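Trainee: Have a look at this one before I ask anything.
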Amino acid sequence: MVVLKMPRSLFNMIFMVCFFLFASCKTQKEKIDFSIEKPEKVLLIYDSSDMYSSECVENARWAFKYAKVNYDELDLLDYQGKLVQDFQNYYAIVFATEFIKKLSKDDCQRIKNFVANGGGLAVIYRGYNENLSELFGVKLRDARNLFLKRGNSGLVFNANLMPMLKNTAIPDSILRDLSMFDFIHFGSKSIIATSSDKIPVVWQLRYGLGKVIYWNTSILVNKLLRGFITRSIISVSDKFVQPISNLAVIFIDDFPTAVPNVKKKLIWDEFNMTMAEYHFFIFYPDMVKLADEIGLKYTAGLTFNYGADIKPPFHLTEWRVGKVKVFDKEVEVSKSIARQFKSKNELAFHGYNHISLLVDEWKDIENMKSALRFAQKKWEEEGLGKLPITYIPPTNWIDSIGVQAIVQSFPSIKVIAGLYSGFFDVGQSREFGPEPWNRKLYCIPRVSAGFLIDDYTKLLILSEVAMLGVWTHFIHPDDVIYTPDEVENPELVRNWFYLPWRGKNGEGLYFKFKEWLKDFKKNYPYIRFMTCAEAYEEMQKFDNLMIEYEFFEDEIRIKTNQKEVFLVADIDAKYKGVELTNAVIVHSGVTDFTNFVVLKTLDNSVILKLR
Ligand SMILES: [Zn+2]
């Protein structure tokens with residue numbers, strides 16, 4: 001393991017000044033001026049006739065957009081045996097096609113020279129060319145039978161391509177076929193990941209002064225793994241600068257909500273309480289405690305009713321049902337929680353009822369709009385504070401008519417918080433940015449869910465953080481009761497192992513989540529937990545951020561159009577320290593391939609001197 005070492009005096013200066021005086025680090029500020037002569041660039045090589053890799057190419061483009069990577073594209077479609085590109089303009093080349101087999105011997109030699117002279121090469125979609133064999137550290141076992149037939153499932157990470165990744169293991173049941181080439185390995189390399197049968201899937205090696213990372217799989221076609229594209233390029237770059245929006249949003253969907261006075265098995269067994277009592281006496285106080293301990297803020301999705309109709313007369317019957325006794329006084333659970341909750345957190349809107357805003361469900365837009373207007377009126381009458389900014393679509397489904405209904409009848413709503421994955425036509429598979437069906441709304445899509453963070457969920461979270469410096473996650477107060485016994489559709493199961501809420505020895509969902517949060521905070525202490533409304537402000541600012549940087553032998557020069565920007569600077573492990581002008585260090589750490597610092601800039605011009 002590499003440790004980021006700094007000369008003692010420098011260490012004292014930077015760490016004491018920056019950690020101690022984080023908020024008032026003006027002493028470090030210096031009026032400097034320079035212009036970026038030659039902004040650093042990456043070259044993305046793909047082939048538009050290679051259908052299978054097209055999603056991987058698209059993911060690379062998105063990864064670059066989020067990381068604000070300056071890049072050129074090169075399509076091999078009309079390749080005539082000679083690349084015209086001058087590779088000296090780039091610090092890294094990315095291969096995202098199987099059709100690198102087209103590359104001529106001369107071009108392969110030029111690419112080898114590029115790497116040998118210190119360039120980076122990231123193969124993010126498996127491809128092969130015998131003239132690049134040395135660069136990849138592998139050769140095909142049998143040119144007529146490309147694919148590995150056995151041992152091509154599951155994925156186990158053996159190295160920290162990013163913090164927390166090592167020992168993450170995705171079972172064969174989730175990754176059944178990695179679509180791997182059957183290679184014979186030679187030379188020395190770091191194995192980043194293997195299949196369950198210990199066959200290398202991802203590796204990195206040094207070639208001359210440069211570095212190569214190779215993904216012997218097609219899995220980076222998965223949008224959820226985009227952050228791995230970013231990290232792959234970082235792992236082969238001598239220097240890398242990534243602006244991040246640096247935030248995490250934890251949503252509690254269906255809370256506060258119309259909660260009935262019914263008994264549900266797991267909760268009754270553990271607490272002898274109805275669901276209404278559990279919401280009031282257990283869940284809400286536990287979540288408040290967690291927020292205080294970890295430093296969280298929540299964004300909760302309020303729903304007034306569940307079974308209610310799509311046509312007037314609308315009402316709050318179900319909303320009023322949940323009752324508890326506090327010192328012999330009857331208290332309305334939903335309203336009382338909602339009023340308290342809003343003081344420290346964001347109350348978002350999850351529906352008058354839990355029927356998705358789909359025209360198939362509501363028959364026409366007028367029904368949607370009148371329910372939305374009714375909800376706004378009641379929001380005010382119930383004393384729930386300012387009208388909501390965030391809308392969380394019930395079941396994460398909404399269509400374009402539903403989006404129009406919100407824009408036309410619910411003007412306080414600015415954000416839709418749906419899903420990052422899933423199906424576009426029902427309002428899912430969204431990007432951070434304007435809602436494609438109506439640009440008056442902004443999307444903050446959620447990547448992960450649940451109290452139990454298994455290794456696959458962890459992989460998605462690490463990918464999102466690597467992509468944008470963001471984690472968006474949702475949970476439900478009743479996740480605990482959604483056991484396989486309770487729901488027929490396995491996709492709706494949220495508590496596969498029948499875990500209690502707290503448990504006697506910390507085995508409950510609540511403590512599992514708390515453990516994960518602590519671990520996450522230890523590894524990513526700089527990530528700011530905030531409400532979705534705050535994240536919306538930050539994301540807009542981030543969208544307007546422009547950055548250019550230039551690498552020199554032992555120096556990185558950065559220009560931005562904003563101040564107080566969060567940047568992650570990854571540098572080759574040969575650099576042991578960094579001296580900053582016009583930025584403070586918020587965090588520093590190591591991966592198995594780089595040393596890194598997380599910075600907050602103080603001015604538009606920043607210089608990192610590398611030691
Ligand atoms: Zn819901």
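Chain labels A, B, ... are given in the sequence in which chains occur in the structure tokens; within each chain residues are numbered consecutively from 1, and ligands are likewise numbered from 1 in the order shown.
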Could you tell me, counting only C-alpha atoms and all ligand atoms, which protein and nucleic acid residues lie no more than 6 Å from ligand 1, written as a list in words?

Mentor: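 Using only C-alpha atoms and all ligand atoms, I find these residues within 6 Å of ligand 1: Asp253, Asp254, Pro394 and Thr395 of chain A.
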
Trainee: Show me, as an mmCIF file with N, CA and C atoms, in the first residue's frame, the residues that have an atom within 12 Å of Lys325 in chain A when counting only C-alpha atoms, minus same-chain residues fewer than 3 positions from it.

Mentor:
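See out.cif below for the written result:
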data_model
loop_
_atom_site.group_PDB
_atom_site.id
_atom_site.type_symbol
_atom_site.label_atom_id
_atom_site.label_comp_id
_atom_site.auth_asym_id
_atom_site.auth_seq_id
_atom_site.Cartn_x
_atom_site.Cartn_y
_atom_site.Cartn_z
ATOM 1 N N ASN A 261 -53.368 1.692 11.428
ATOM 2 C CA ASN A 261 -53.139 1.132 12.772
ATOM 3 C C ASN A 261 -53.165 -0.396 12.718
ATOM 4 N N MET A 273 -45.998 -3.345 18.373
ATOM 5 C CA MET A 273 -46.596 -2.064 17.977
ATOM 6 C C MET A 273 -47.301 -2.192 16.632
ATOM 7 N N THR A 274 -48.288 -1.325 16.433
ATOM 8 C CA THR A 274 -48.920 -1.220 15.114
ATOM 9 C C THR A 274 -47.959 -0.450 14.206
ATOM 10 N N ALA A 276 -48.580 2.330 12.726
ATOM 11 C CA ALA A 276 -48.640 3.756 13.084
ATOM 12 C C ALA A 276 -47.737 4.035 14.293
ATOM 13 N N GLU A 277 -47.803 3.149 15.286
ATOM 14 C CA GLU A 277 -46.958 3.323 16.482
ATOM 15 C C GLU A 277 -45.470 3.193 16.124
ATOM 16 N N PHE A 280 -44.215 6.338 14.570
ATOM 17 C CA PHE A 280 -44.120 7.454 15.511
ATOM 18 C C PHE A 280 -43.068 7.234 16.608
ATOM 19 N N PHE A 281 -43.062 6.045 17.192
ATOM 20 C CA PHE A 281 -42.197 5.814 18.361
ATOM 21 C C PHE A 281 -40.832 5.217 18.016
ATOM 22 N N GLY A 322 -53.838 7.065 10.981
ATOM 23 C CA GLY A 322 -52.803 6.625 11.924
ATOM 24 C C GLY A 322 -52.813 7.425 13.216
ATOM 25 N N ASP A 328 -51.938 9.594 27.181
ATOM 26 C CA ASP A 328 -53.405 9.546 27.077
ATOM 27 C C ASP A 328 -54.001 10.537 26.083
ATOM 28 N N LYS A 329 -53.139 11.230 25.388
ATOM 29 C CA LYS A 329 -53.654 12.155 24.389
ATOM 30 C C LYS A 329 -53.494 11.517 23.018
ATOM 31 N N GLU A 330 -54.533 11.584 22.204
ATOM 32 C CA GLU A 330 -54.468 10.984 20.888
ATOM 33 C C GLU A 330 -53.751 11.922 19.906
ATOM 34 N N VAL A 331 -52.763 11.384 19.207
ATOM 35 C CA VAL A 331 -51.986 12.206 18.275
ATOM 36 C C VAL A 331 -52.108 11.633 16.867
ATOM 37 N N GLU A 332 -52.293 12.514 15.893
ATOM 38 C CA GLU A 332 -52.311 12.098 14.484
ATOM 39 C C GLU A 332 -50.871 11.886 14.027
ATOM 40 N N VAL A 333 -50.527 10.676 13.685
ATOM 41 C CA VAL A 333 -49.140 10.310 13.402
ATOM 42 C C VAL A 333 -48.550 11.068 12.205
#

Trainee: DSSP on the backbone: which residues in range 61-124 of chain A end up as alpha helix (DSSP H)? Give the answer as a ChimeraX atom specification.

Mentor: /A:61-67,105-116

Trainee: Can I get the selected residues back with N, CA and C atoms, as an mmCIF file, in the first residue's frame?

Mentor:
data_model
loop_
_atom_site.group_PDB
_atom_site.id
_atom_site.type_symbol
_atom_site.label_atom_id
_atom_site.label_comp_id
_atom_site.auth_asym_id
_atom_site.auth_seq_id
_atom_site.Cartn_x
_atom_site.Cartn_y
_atom_site.Cartn_z
ATOM 1 N N ARG A 61 -18.950 8.849 -23.176
ATOM 2 C CA ARG A 61 -19.284 10.263 -23.424
ATOM 3 C C ARG A 61 -19.915 10.891 -22.186
ATOM 4 N N TRP A 62 -20.820 10.155 -21.555
ATOM 5 C CA TRP A 62 -21.454 10.687 -20.334
ATOM 6 C C TRP A 62 -20.451 10.820 -19.195
ATOM 7 N N ALA A 63 -19.601 9.822 -19.071
ATOM 8 C CA ALA A 63 -18.583 9.883 -18.003
ATOM 9 C C ALA A 63 -17.719 11.123 -18.210
ATOM 10 N N PHE A 64 -17.373 11.420 -19.468
ATOM 11 C CA PHE A 64 -16.541 12.592 -19.777
ATOM 12 C C PHE A 64 -17.309 13.882 -19.509
ATOM 13 N N LYS A 65 -18.583 13.871 -19.843
ATOM 14 C CA LYS A 65 -19.396 15.071 -19.619
ATOM 15 C C LYS A 65 -19.476 15.381 -18.116
ATOM 16 N N TYR A 66 -19.763 14.359 -17.322
ATOM 17 C CA TYR A 66 -19.874 14.567 -15.874
ATOM 18 C C TYR A 66 -18.538 14.979 -15.249
ATOM 19 N N ALA A 67 -17.443 14.375 -15.741
ATOM 20 C CA ALA A 67 -16.127 14.690 -15.170
ATOM 21 C C ALA A 67 -15.509 15.907 -15.871
ATOM 22 N N LYS A 105 -0.481 -2.444 -38.378
ATOM 23 C CA LYS A 105 0.718 -2.662 -37.580
ATOM 24 C C LYS A 105 1.394 -1.327 -37.257
ATOM 25 N N ASP A 106 1.428 -0.440 -38.244
ATOM 26 C CA ASP A 106 2.052 0.882 -38.051
ATOM 27 C C ASP A 106 1.339 1.677 -36.957
ATOM 28 N N ASP A 107 0.005 1.679 -37.032
ATOM 29 C CA ASP A 107 -0.752 2.424 -36.022
ATOM 30 C C ASP A 107 -0.596 1.796 -34.640
ATOM 31 N N CYS A 108 -0.556 0.477 -34.596
ATOM 32 C CA CYS A 108 -0.341 -0.190 -33.299
ATOM 33 C C CYS A 108 1.010 0.228 -32.733
ATOM 34 N N GLN A 109 1.992 0.316 -33.611
ATOM 35 C CA GLN A 109 3.326 0.721 -33.151
ATOM 36 C C GLN A 109 3.280 2.154 -32.610
ATOM 37 N N ARG A 110 2.540 3.009 -33.286
ATOM 38 C CA ARG A 110 2.433 4.399 -32.810
ATOM 39 C C ARG A 110 1.751 4.452 -31.436
ATOM 40 N N ILE A 111 0.760 3.603 -31.264
ATOM 41 C CA ILE A 111 0.073 3.575 -29.959
ATOM 42 C C ILE A 111 1.018 3.029 -28.883
ATOM 43 N N LYS A 112 1.799 2.027 -29.268
ATOM 44 C CA LYS A 112 2.783 1.487 -28.314
ATOM 45 C C LYS A 112 3.807 2.566 -27.927
ATOM 46 N N ASN A 113 4.236 3.310 -28.920
ATOM 47 C CA ASN A 113 5.186 4.393 -28.634
ATOM 48 C C ASN A 113 4.570 5.444 -27.711
ATOM 49 N N PHE A 114 3.293 5.734 -27.978
ATOM 50 C CA PHE A 114 2.578 6.720 -27.148
ATOM 51 C C PHE A 114 2.588 6.287 -25.680
ATOM 52 N N VAL A 115 2.285 5.019 -25.448
ATOM 53 C CA VAL A 115 2.263 4.530 -24.060
ATOM 54 C C VAL A 115 3.688 4.465 -23.497
ATOM 55 N N ALA A 116 4.605 3.938 -24.305
ATOM 56 C CA ALA A 116 5.996 3.808 -23.838
ATOM 57 C C ALA A 116 6.553 5.159 -23.404
#

Trainee: Which of these residues is nearest to Ile571 in chain A, using only C-alpha atoms: A:Leu161, A:Val236, A:Ile310, A:Met275?

Mentor: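 Among the listed residues, the smallest separation from Ile571 in chain A belongs to A:Val236.
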
Trainee: Could you pull out the strand (DSSP E or B) residues of range 294-450 of chain A from DSSP and send them as a PyMOL selection string?

Mentor: chain A and resi 298-303+323-326+329-332+346-351+357+390-391+398+415-416+419+433-435+438-443+446+448-449
